[in-house]
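Presented below is the structure to which this report refers.
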Amino acid sequence: MSAHYGQALARNLERAMASTGHTLRTLADATGVTHSTVSRVVNGRVMPDLGTIARLEAAFGFQLWPGPAALPPISPL
């Protein structure tokens, strides 16, 4: 289940960076999150902690965490 959230978060972060023109370095400077951590999140290699997610969301001014929409559909029994 966490893989679905991680992938959705990575897609959301990548889209947010593309739409705002942020690079790994400019986002790192704006958030205090290292550019290598941002890179690992974008590439789906790490699930960031809540503090990191909060800093990223604050930099963009909108939610990156995908919430329940990222869960796979539940198949009936």
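Here, A, B, ... name the chains of the structure tokens in the order displayed, residue numbers run from 1 inside each chain, and ligands are numbered from 1 in the same displayed order.
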Report task. Report the residues of chain A whose backbone DSSP state falls under helix (DSSP H, G or I), written as a PyMOL selection string. Result -> chain A and resi 2-20+24-31+35-42+50-60+67-70
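Non-sequential neighbours of Pro66 in chain A (distance at most 10 Å, separation of 3 or more positions within a chain, only C-alpha atoms) are His4, Tyr5, Gly6, Gln7, Ala8, Leu9, Ala10, Arg11, Asn12, Gln63, Ala69, Ala70 and Leu71 of chain A.
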Writing out the chosen residues with all heavy atoms as a compact mmCIF listing (two decimals), in the first residue's frame:
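The new file again27.txt reads:
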# COMPACT_ATOMS: atom_id res chain seq x y z
N HIS A 4 1.94 2.56 -3.43
CA HIS A 4 0.97 3.37 -4.18
C HIS A 4 1.06 4.83 -3.77
O HIS A 4 1.03 5.72 -4.61
CB HIS A 4 -0.46 2.86 -3.98
CG HIS A 4 -0.71 1.53 -4.60
ND1 HIS A 4 -0.89 1.37 -5.95
CD2 HIS A 4 -0.78 0.30 -4.06
CE1 HIS A 4 -1.07 0.10 -6.21
NE2 HIS A 4 -1.00 -0.58 -5.08
N TYR A 5 1.18 5.06 -2.47
CA TYR A 5 1.31 6.43 -1.99
C TYR A 5 2.62 7.05 -2.45
O TYR A 5 2.67 8.20 -2.87
CB TYR A 5 1.22 6.50 -0.46
CG TYR A 5 -0.18 6.43 0.05
CD1 TYR A 5 -0.63 5.31 0.74
CD2 TYR A 5 -1.05 7.50 -0.14
CE1 TYR A 5 -1.94 5.25 1.22
CE2 TYR A 5 -2.35 7.44 0.33
CZ TYR A 5 -2.79 6.32 1.01
OH TYR A 5 -4.07 6.27 1.48
N GLY A 6 3.71 6.29 -2.37
CA GLY A 6 5.01 6.80 -2.79
C GLY A 6 5.03 7.17 -4.26
O GLY A 6 5.57 8.21 -4.64
N GLN A 7 4.44 6.31 -5.11
CA GLN A 7 4.40 6.60 -6.54
C GLN A 7 3.54 7.81 -6.84
O GLN A 7 3.91 8.66 -7.67
CB GLN A 7 3.88 5.38 -7.30
CG GLN A 7 4.85 4.22 -7.29
CD GLN A 7 4.22 2.94 -7.81
OE1 GLN A 7 3.03 2.87 -8.11
NE2 GLN A 7 5.03 1.90 -7.91
N ALA A 8 2.40 7.91 -6.19
CA ALA A 8 1.52 9.06 -6.41
C ALA A 8 2.18 10.35 -5.92
O ALA A 8 2.09 11.39 -6.58
CB ALA A 8 0.17 8.84 -5.72
N LEU A 9 2.85 10.29 -4.78
CA LEU A 9 3.55 11.46 -4.26
C LEU A 9 4.65 11.88 -5.24
O LEU A 9 4.80 13.07 -5.53
CB LEU A 9 4.14 11.17 -2.89
CG LEU A 9 4.98 12.28 -2.28
CD1 LEU A 9 4.15 13.53 -2.02
CD2 LEU A 9 5.64 11.81 -0.99
N ALA A 10 5.39 10.92 -5.76
CA ALA A 10 6.46 11.23 -6.72
C ALA A 10 5.89 11.91 -7.96
O ALA A 10 6.45 12.90 -8.44
CB ALA A 10 7.20 9.95 -7.10
N ARG A 11 4.78 11.40 -8.48
CA ARG A 11 4.15 12.02 -9.66
C ARG A 11 3.68 13.44 -9.34
O ARG A 11 3.88 14.36 -10.14
CB ARG A 11 2.97 11.18 -10.14
CG ARG A 11 3.36 9.93 -10.90
CD ARG A 11 2.16 9.27 -11.55
NE ARG A 11 1.10 8.94 -10.62
CZ ARG A 11 1.01 7.78 -9.95
NH1 ARG A 11 1.91 6.85 -10.12
NH2 ARG A 11 0.00 7.57 -9.13
N ASN A 12 3.06 13.61 -8.18
CA ASN A 12 2.57 14.93 -7.79
C ASN A 12 3.72 15.93 -7.64
O ASN A 12 3.62 17.08 -8.07
CB ASN A 12 1.78 14.86 -6.48
CG ASN A 12 0.47 14.15 -6.64
OD1 ASN A 12 0.00 13.89 -7.75
ND2 ASN A 12 -0.14 13.78 -5.53
N GLN A 63 -1.40 20.82 -1.67
CA GLN A 63 -1.16 19.48 -1.17
C GLN A 63 -0.50 18.59 -2.23
O GLN A 63 -0.96 18.52 -3.36
CB GLN A 63 -2.49 18.85 -0.74
CG GLN A 63 -2.35 17.48 -0.13
CD GLN A 63 -3.67 16.96 0.39
OE1 GLN A 63 -4.55 17.73 0.74
NE2 GLN A 63 -3.79 15.65 0.46
N ALA A 69 -7.09 8.67 -2.65
CA ALA A 69 -7.20 8.49 -4.10
C ALA A 69 -6.06 7.62 -4.65
O ALA A 69 -6.20 7.02 -5.71
CB ALA A 69 -7.20 9.83 -4.80
N ALA A 70 -4.96 7.52 -3.92
CA ALA A 70 -3.82 6.74 -4.40
C ALA A 70 -3.96 5.25 -4.15
O ALA A 70 -3.21 4.45 -4.68
CB ALA A 70 -2.54 7.23 -3.73
N LEU A 71 -4.92 4.88 -3.32
CA LEU A 71 -5.11 3.46 -3.01
C LEU A 71 -5.63 2.70 -4.22
O LEU A 71 -6.43 3.21 -4.99
CB LEU A 71 -6.08 3.29 -1.85
CG LEU A 71 -5.58 3.80 -0.50
CD1 LEU A 71 -6.70 3.68 0.54
CD2 LEU A 71 -4.37 3.02 -0.05
Query - Selection near Ile53 in chain A, 10 Å with only C-alpha atoms, sequence-local residues under 6 positions removed, as a list in words - result: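 Residues meeting the cut-off are Leu9, Leu13, Thr31, Val33, Val41, Met47, Ala59, Gln63, Leu64 and Trp65 of chain A.
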Report task. To one decimal in Å, tell me the separation between CA of Glu57 in chain A and CA of Pro73 in chain A. Result ->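 Spanning CA of Glu57 in chain A to CA of Pro73 in chain A is a straight-line distance of 26.1 Å.
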Query raised in the report: Quick one: of A:Gly32, A:Gly21, A:Pro68, A:Pro76, who's nearest to Ala54 in chain A, counting only C-alpha atoms?
Result: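 Distance minimum relative to Ala54 in chain A lands on A:Gly32.
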Query raised in the report: Between CA of Ala3 in chain A and CA of Ala16 in chain A, what is the spacing in Å?
Result: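 If I compute the distance from CA of Ala16 in chain A to CA of Ala3 in chain A, I get 19.7 Å.
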Report summary line: Expressed in Å, the length from CA of Val42 in chain A to CA of Ile74 in chain A is 26.6 Å
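Excluding Leu27 in chain A and any residue on its chain fewer than 6 positions from it, the residues at most 10 Å away by only C-alpha atoms are Met17, Gly21, Val33, Thr34, His35, Val38, Arg55, Leu56, Ala59 and Phe60 of chain A.
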